[in-house]
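Participant: What follows is my_file_35.txt; its format and atoms are compact mmCIF, C-alpha atoms.
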# COMPACT_ATOMS: atom_id res chain seq x y z
CA MET A 1 111.34 67.48 96.30
CA ALA A 2 112.80 70.68 97.72
CA THR A 3 116.18 71.79 96.43
CA PRO A 4 118.97 72.43 98.97
CA SER A 5 118.53 76.17 98.52
CA THR A 6 114.81 75.86 99.23
CA VAL A 7 115.48 73.86 102.39
CA LEU A 8 117.91 76.51 103.61
CA ALA A 9 115.48 79.30 102.80
CA ASP A 10 112.76 77.60 104.84
CA GLN A 11 114.88 77.37 107.99
CA PRO A 12 113.78 79.74 110.80
CA ALA A 13 116.12 82.66 111.49
CA ALA A 14 115.60 82.70 115.27
CA PRO A 15 118.45 80.31 116.18
CA LEU A 16 120.90 82.58 114.37
CA ARG A 17 119.74 85.61 116.36
CA GLU A 18 119.92 83.63 119.59
CA ARG A 19 123.45 82.47 118.80
CA ALA A 20 124.53 86.04 118.06
CA LEU A 21 123.06 87.14 121.38
CA TYR A 22 124.90 84.62 123.54
CA GLU A 23 128.13 85.40 121.71
CA GLN A 24 127.68 89.08 122.53
CA VAL A 25 127.01 88.19 126.17
CA ALA A 26 130.10 85.95 126.22
CA GLU A 27 132.19 88.79 124.82
CA ARG A 28 130.98 91.20 127.52
CA LEU A 29 131.57 88.74 130.33
CA ARG A 30 134.98 87.78 128.92
CA GLY A 31 135.99 91.42 128.98
CA ARG A 32 134.87 91.83 132.58
CA ILE A 33 136.68 88.67 133.66
CA LEU A 34 139.95 89.61 131.97
CA ALA A 35 139.70 93.15 133.38
CA HIS A 36 139.14 91.57 136.83
CA THR A 37 135.89 93.46 137.43
CA LEU A 38 134.63 89.92 137.90
CA HIS A 39 137.32 88.57 140.19
CA PRO A 40 138.84 85.06 140.10
CA GLY A 41 136.89 82.80 142.43
CA SER A 42 133.81 85.02 142.49
CA TRP A 43 130.33 83.57 142.01
CA ILE A 44 128.55 84.69 138.84
CA ASP A 45 125.04 85.85 139.73
CA GLU A 46 123.08 84.73 136.69
CA GLN A 47 119.83 86.37 137.76
CA ALA A 48 121.47 89.75 138.37
CA LEU A 49 123.40 89.62 135.09
CA ALA A 50 120.32 88.63 133.09
CA ALA A 51 118.48 91.63 134.58
CA GLU A 52 121.44 93.93 133.92
CA TYR A 53 121.69 92.88 130.27
CA GLY A 54 117.92 92.73 129.77
CA ILE A 55 117.96 89.13 128.57
CA SER A 56 116.63 85.75 129.63
CA ARG A 57 118.88 83.32 131.45
CA THR A 58 119.03 80.99 128.43
CA PRO A 59 121.54 83.03 126.34
CA LEU A 60 123.42 83.86 129.52
CA ARG A 61 123.86 80.18 130.32
CA GLU A 62 124.97 79.49 126.75
CA ALA A 63 127.53 82.29 127.11
CA LEU A 64 128.80 80.74 130.35
CA LYS A 65 129.27 77.41 128.54
CA VAL A 66 131.45 79.18 125.96
CA LEU A 67 133.55 80.77 128.69
CA ALA A 68 133.79 77.46 130.54
CA ALA A 69 135.17 75.85 127.37
CA GLU A 70 137.78 78.62 127.25
CA GLY A 71 138.76 77.94 130.85
CA LEU A 72 137.60 81.34 132.14
CA VAL A 73 134.57 80.00 134.01
CA THR A 74 134.23 76.94 136.21
CA MET A 75 130.82 75.26 136.51
CA LYS A 76 130.22 73.70 139.93
CA LEU A 77 127.47 71.13 140.41
CA ARG A 78 124.44 72.64 142.18
CA ARG A 79 126.46 75.78 142.97
CA GLY A 80 126.49 77.58 139.62
CA ALA A 81 129.24 79.32 137.70
CA TYR A 82 132.40 80.86 139.14
CA VAL A 83 135.23 82.84 137.61
CA THR A 84 138.14 80.41 137.36
CA GLU A 85 140.90 80.71 139.92
CA VAL A 86 144.40 80.07 138.63
CA SER A 87 146.41 77.68 140.79
CA GLU A 88 150.18 77.36 140.82
CA ARG A 89 149.83 74.16 138.81
CA ASP A 90 147.51 75.84 136.29
CA LEU A 91 150.02 78.63 135.80
CA ALA A 92 152.95 76.24 135.34
CA GLU A 93 151.03 74.15 132.80
CA VAL A 94 149.86 77.16 130.80
CA TYR A 95 153.34 78.68 130.62
CA HIS A 96 154.81 75.30 129.66
CA LEU A 97 152.43 74.92 126.73
CA LEU A 98 152.82 78.53 125.62
CA ALA A 99 156.59 78.10 125.63
CA LEU A 100 156.30 75.04 123.37
CA LEU A 101 153.81 76.57 120.97
CA GLU A 102 155.29 80.04 120.66
CA SER A 103 158.90 78.90 120.48
CA ASP A 104 157.93 76.67 117.57
CA ALA A 105 156.26 79.68 115.95
CA ALA A 106 159.45 81.72 116.43
CA LEU A 107 161.43 78.98 114.68
CA VAL A 108 159.03 79.05 111.72
CA VAL A 109 159.07 82.84 111.48
CA ALA A 110 162.87 83.04 111.57
CA ARG A 111 163.11 80.54 108.74
CA SER A 112 160.27 81.59 106.48
CA ALA A 113 158.98 85.13 107.19
CA SER A 114 159.19 87.64 104.37
CA ALA A 115 161.09 90.90 104.73
CA ALA A 116 157.76 92.73 104.94
CA GLN A 117 156.57 90.46 107.74
CA LEU A 118 159.77 90.97 109.71
CA ALA A 119 159.28 94.72 109.24
CA GLU A 120 155.81 94.38 110.80
CA LEU A 121 157.33 92.63 113.81
CA LEU A 122 160.02 95.27 114.07
CA ALA A 123 157.38 98.01 114.10
CA LEU A 124 155.53 96.21 116.90
CA HIS A 125 158.79 95.78 118.78
CA GLN A 126 159.34 99.54 118.51
CA GLN A 127 155.96 100.02 120.19
CA LEU A 128 157.36 98.00 123.11
CA GLU A 129 160.41 100.25 123.23
CA ASP A 130 158.19 103.35 123.20
CA ALA A 131 155.88 102.01 125.93
CA VAL A 132 158.51 101.03 128.48
CA ALA A 133 157.36 103.76 130.89
CA ASP A 134 153.68 102.77 130.64
CA ARG A 135 152.92 99.31 132.00
CA ASP A 136 149.44 99.00 130.48
CA ALA A 137 150.61 100.20 127.05
CA PHE A 138 153.56 97.81 127.22
CA PHE A 139 151.24 94.92 128.10
CA ALA A 140 149.03 95.69 125.07
CA ALA A 141 152.02 96.07 122.74
CA ASN A 142 153.49 92.81 124.04
CA GLU A 143 150.24 91.03 123.23
CA ARG A 144 150.20 92.47 119.71
CA PHE A 145 153.78 91.38 119.07
CA HIS A 146 153.18 87.79 120.15
CA MET A 147 149.92 87.48 118.22
CA LYS A 148 151.50 88.92 115.06
CA LEU A 149 154.37 86.42 115.33
CA LEU A 150 151.81 83.62 115.54
CA GLU A 151 149.87 85.05 112.61
CA ILE A 152 153.02 85.08 110.49
CA ALA A 153 153.82 81.47 111.49
CA ASP A 154 150.39 80.68 110.02
CA ASN A 155 149.06 77.66 111.88
CA ARG A 156 145.43 78.31 112.84
CA TRP A 157 145.27 75.40 115.26
CA ARG A 158 148.28 76.68 117.18
CA ASN A 159 146.82 80.19 117.13
CA GLN A 160 143.55 78.95 118.60
CA LEU A 161 145.32 77.04 121.37
CA VAL A 162 147.52 80.01 122.24
CA ALA A 163 144.57 82.41 122.30
CA ASP A 164 142.74 80.22 124.82
CA LEU A 165 145.87 79.68 126.94
CA ARG A 166 146.57 83.40 127.03
CA LYS A 167 143.06 84.05 128.34
CA VAL A 168 143.74 81.73 131.26
CA MET A 169 147.14 83.35 131.84
CA LYS A 170 145.44 86.75 132.13
CA LEU A 171 143.34 85.47 135.03
CA ASN A 172 146.49 85.57 137.13
CA ARG A 173 146.21 88.75 139.18
CA HIS A 174 149.98 88.71 139.69
CA HIS A 175 150.82 88.90 136.00
CA SER A 176 154.52 88.59 135.34
CA LEU A 177 154.85 92.02 133.70
CA PHE A 178 153.55 93.66 136.87
CA LYS A 179 156.51 92.46 138.93
CA GLN A 180 159.26 94.93 139.72
CA GLY A 181 161.92 94.85 137.02
CA ARG A 182 160.14 92.27 134.86
CA LEU A 183 159.01 94.77 132.23
CA GLU A 184 162.58 95.91 131.54
CA ALA A 185 163.81 92.31 131.50
CA SER A 186 161.03 91.35 129.09
CA LEU A 187 162.00 94.19 126.76
CA LYS A 188 165.62 92.99 126.75
CA GLU A 189 164.44 89.47 125.88
CA HIS A 190 162.34 90.87 123.04
CA ARG A 191 165.39 92.73 121.68
CA GLN A 192 167.37 89.49 121.62
CA LEU A 193 164.50 87.63 120.00
CA MET A 194 164.07 90.31 117.35
CA ALA A 195 167.80 90.16 116.58
CA ALA A 196 167.60 86.37 116.14
CA LEU A 197 164.59 86.69 113.84
CA LYS A 198 166.34 89.31 111.70
CA ALA A 199 169.42 87.07 111.54
CA ARG A 200 167.22 84.16 110.39
CA ASN A 201 168.59 82.08 113.25
CA GLY A 202 165.66 79.76 113.90
CA GLU A 203 167.23 77.67 116.64
CA ARG A 204 168.30 80.74 118.61
CA ALA A 205 164.89 82.37 118.19
CA GLN A 206 163.25 79.17 119.43
CA ALA A 207 165.54 78.95 122.47
CA LEU A 208 165.10 82.64 123.31
CA MET A 209 161.30 82.34 123.19
CA GLN A 210 161.42 79.32 125.50
CA GLN A 211 163.59 81.25 127.94
CA HIS A 212 161.27 84.26 127.64
CA PHE A 213 158.37 82.16 128.88
CA ALA A 214 160.46 80.46 131.55
CA ASN A 215 161.37 83.88 132.94
CA GLY A 216 157.76 85.02 132.69
CA LYS A 217 156.58 81.96 134.56
CA GLU A 218 159.06 82.58 137.36
CA ALA A 219 157.97 86.21 137.68
CA ALA A 220 154.27 85.27 137.56
CA SER A 221 154.56 82.77 140.41
CA LEU A 222 151.69 83.02 142.88
CA THR A 223 153.96 82.35 145.84
Using the file provided, produce a representation of the structure as structure tokens.
Facilitator:
Amino acid sequence: MATPSTVLADQPAAPLRERALYEQVAERLRGRILAHTLHPGSWIDEQALAAEYGISRTPLREALKVLAAEGLVTMKLRRGAYVTEVSERDLAEVYHLLALLESDAALVVARSASAAQLAELLALHQQLEDAVADRDAFFAANERFHMKLLEIADNRWRNQLVADLRKVMKLNRHHSLFKQGRLEASLKEHRQLMAALKARNGERAQALMQQHFANGKEAASLT
């Protein structure tokens, strides 16, 4: 009888290479979708993309399934794949869930983060302060701050949910930070949140994060 190690050694390597390929394709397409070079609502031409990437349609279709599971792609029966369009309801639901998840993370961080971890957040907050005149840099710094806070809160299931929800949020072409005055208001909210975290005031940090997302939702409205 073969030992477990022998069985593993006898397995063909091809499926691993194929999986790596469709993940690479998914990463490329994800980047194009989030950068809006593939626009919300647009049809994804599988034949053209397969030719562009020099691959068969099989790994491309597997990549599209991954993106569909993330909410970035919508599969329509007999019509193919489309970049997901964000409706007003979608936006409201995503912001609602993000507010719940990230406010809970803020509560945890205020109560249990180490001094070193708070220093990391403070350094990321300073990047926000420094980037106030550059919208794109501010957007990137804002993302880093929120993801670091989640990392410190240390719940991988929450982190996974938030990562997927944030991808859907980025599909909104009218992102809240792009609205006039929203960037400055967001920075003020971050200052208040940072002060609550440093003061170890969990309930205030939680409430401020909820309000932060409520304000973001209002600014990101499609109407």
Participant: Quick one, how far is atom CA of Met147 of chain A from atom CA of Asp104 of chain A?
Facilitator: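 Atom-to-atom, atom CA of Met147 of chain A to atom CA of Asp104 of chain A, that is 13.5 Å.
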Participant: Please provide the set of residues having any atom within 9 Å of Leu91 of chain A, restricted to all atoms listed in the file, with same-chain residues fewer than 4 positions apart removed, written as a list in words.
Facilitator: Val86, Ser87, Tyr95, His96, Val168, Met169, Asn172, Lys217, Ala220, Ser221 and Leu222 of chain A
Participant: Which one is closest to Ala205 of chain A: A:Ser114, A:Thr58, A:Gln47, A:Ser103? Count only C-alpha atoms.
Facilitator: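 Using only C-alpha atoms, Ala205 of chain A sits closest to A:Ser103.
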Participant: Separation of atom CA of Leu197 of chain A and atom CA of Ala131 of chain A, in Å?
Facilitator: 21.4 Å
Participant: Using Å and a single decimal, report how far atom CA of Gln117 of chain A sits from atom CA of Glu151 of chain A.
Facilitator: 9.9 Å
Participant: At a cut-off of 10 Å, using all atoms listed in the file, what residues contact Ala68 of chain A? Leave out same-chain residues fewer than 5 positions from it and give the result as a VMD selection string.
Facilitator: chain A and resid 62 to 63 73 to 75 81 to 84
Participant: Ranking A:Leu187, A:Leu100, A:Leu208, A:Ala199 by minimum distance to Glu129 of chain A and counting all atoms listed in the file, which one comes first?
Facilitator: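 Going through A:Leu187, A:Leu100, A:Leu208, A:Ala199 one by one, the smallest distance to Glu129 of chain A is for A:Leu187.
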Participant: Give me the residues within 9 Å of His125 of chain A as number ranges by chain, counting all atoms listed in the file and dropping any in the same chain fewer than 6 places off.
Facilitator: A: 141-142, 145, 187, 190-191, 194
Participant: Keeping only C-alpha atoms, write those residues as a JSON list (two decimals), in the coordinates of the input.
Facilitator:
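Result file is part-v9.json:
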[["chain", "number", "residue", "atom", "x", "y", "z"],
["A", 141, "ALA", "CA", 152.02, 96.07, 122.74],
["A", 142, "ASN", "CA", 153.49, 92.81, 124.04],
["A", 145, "PHE", "CA", 153.78, 91.38, 119.07],
["A", 187, "LEU", "CA", 162.00, 94.19, 126.76],
["A", 190, "HIS", "CA", 162.34, 90.87, 123.04],
["A", 191, "ARG", "CA", 165.39, 92.73, 121.68],
["A", 194, "MET", "CA", 164.07, 90.31, 117.35]]
Participant: When distances are computed from only C-alpha atoms, which of A:Glu203, A:Gly80, A:Ile55, A:Asp136 shows the smallest separation from Ala35 of chain A?
Facilitator: A:Asp136
Participant: Which one of A:Lys198, A:Arg30, A:His212, A:Arg135 sits closest to Ala110 of chain A if you count only C-alpha atoms?
Facilitator: A:Lys198
Participant: Taking all atoms listed in the file into account, which of A:Ala69, A:Leu49, A:Leu64, A:Leu98 comes nearest Leu161 of chain A?
Facilitator: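 Using all atoms listed in the file, the shortest distance to Leu161 of chain A belongs to A:Leu98.
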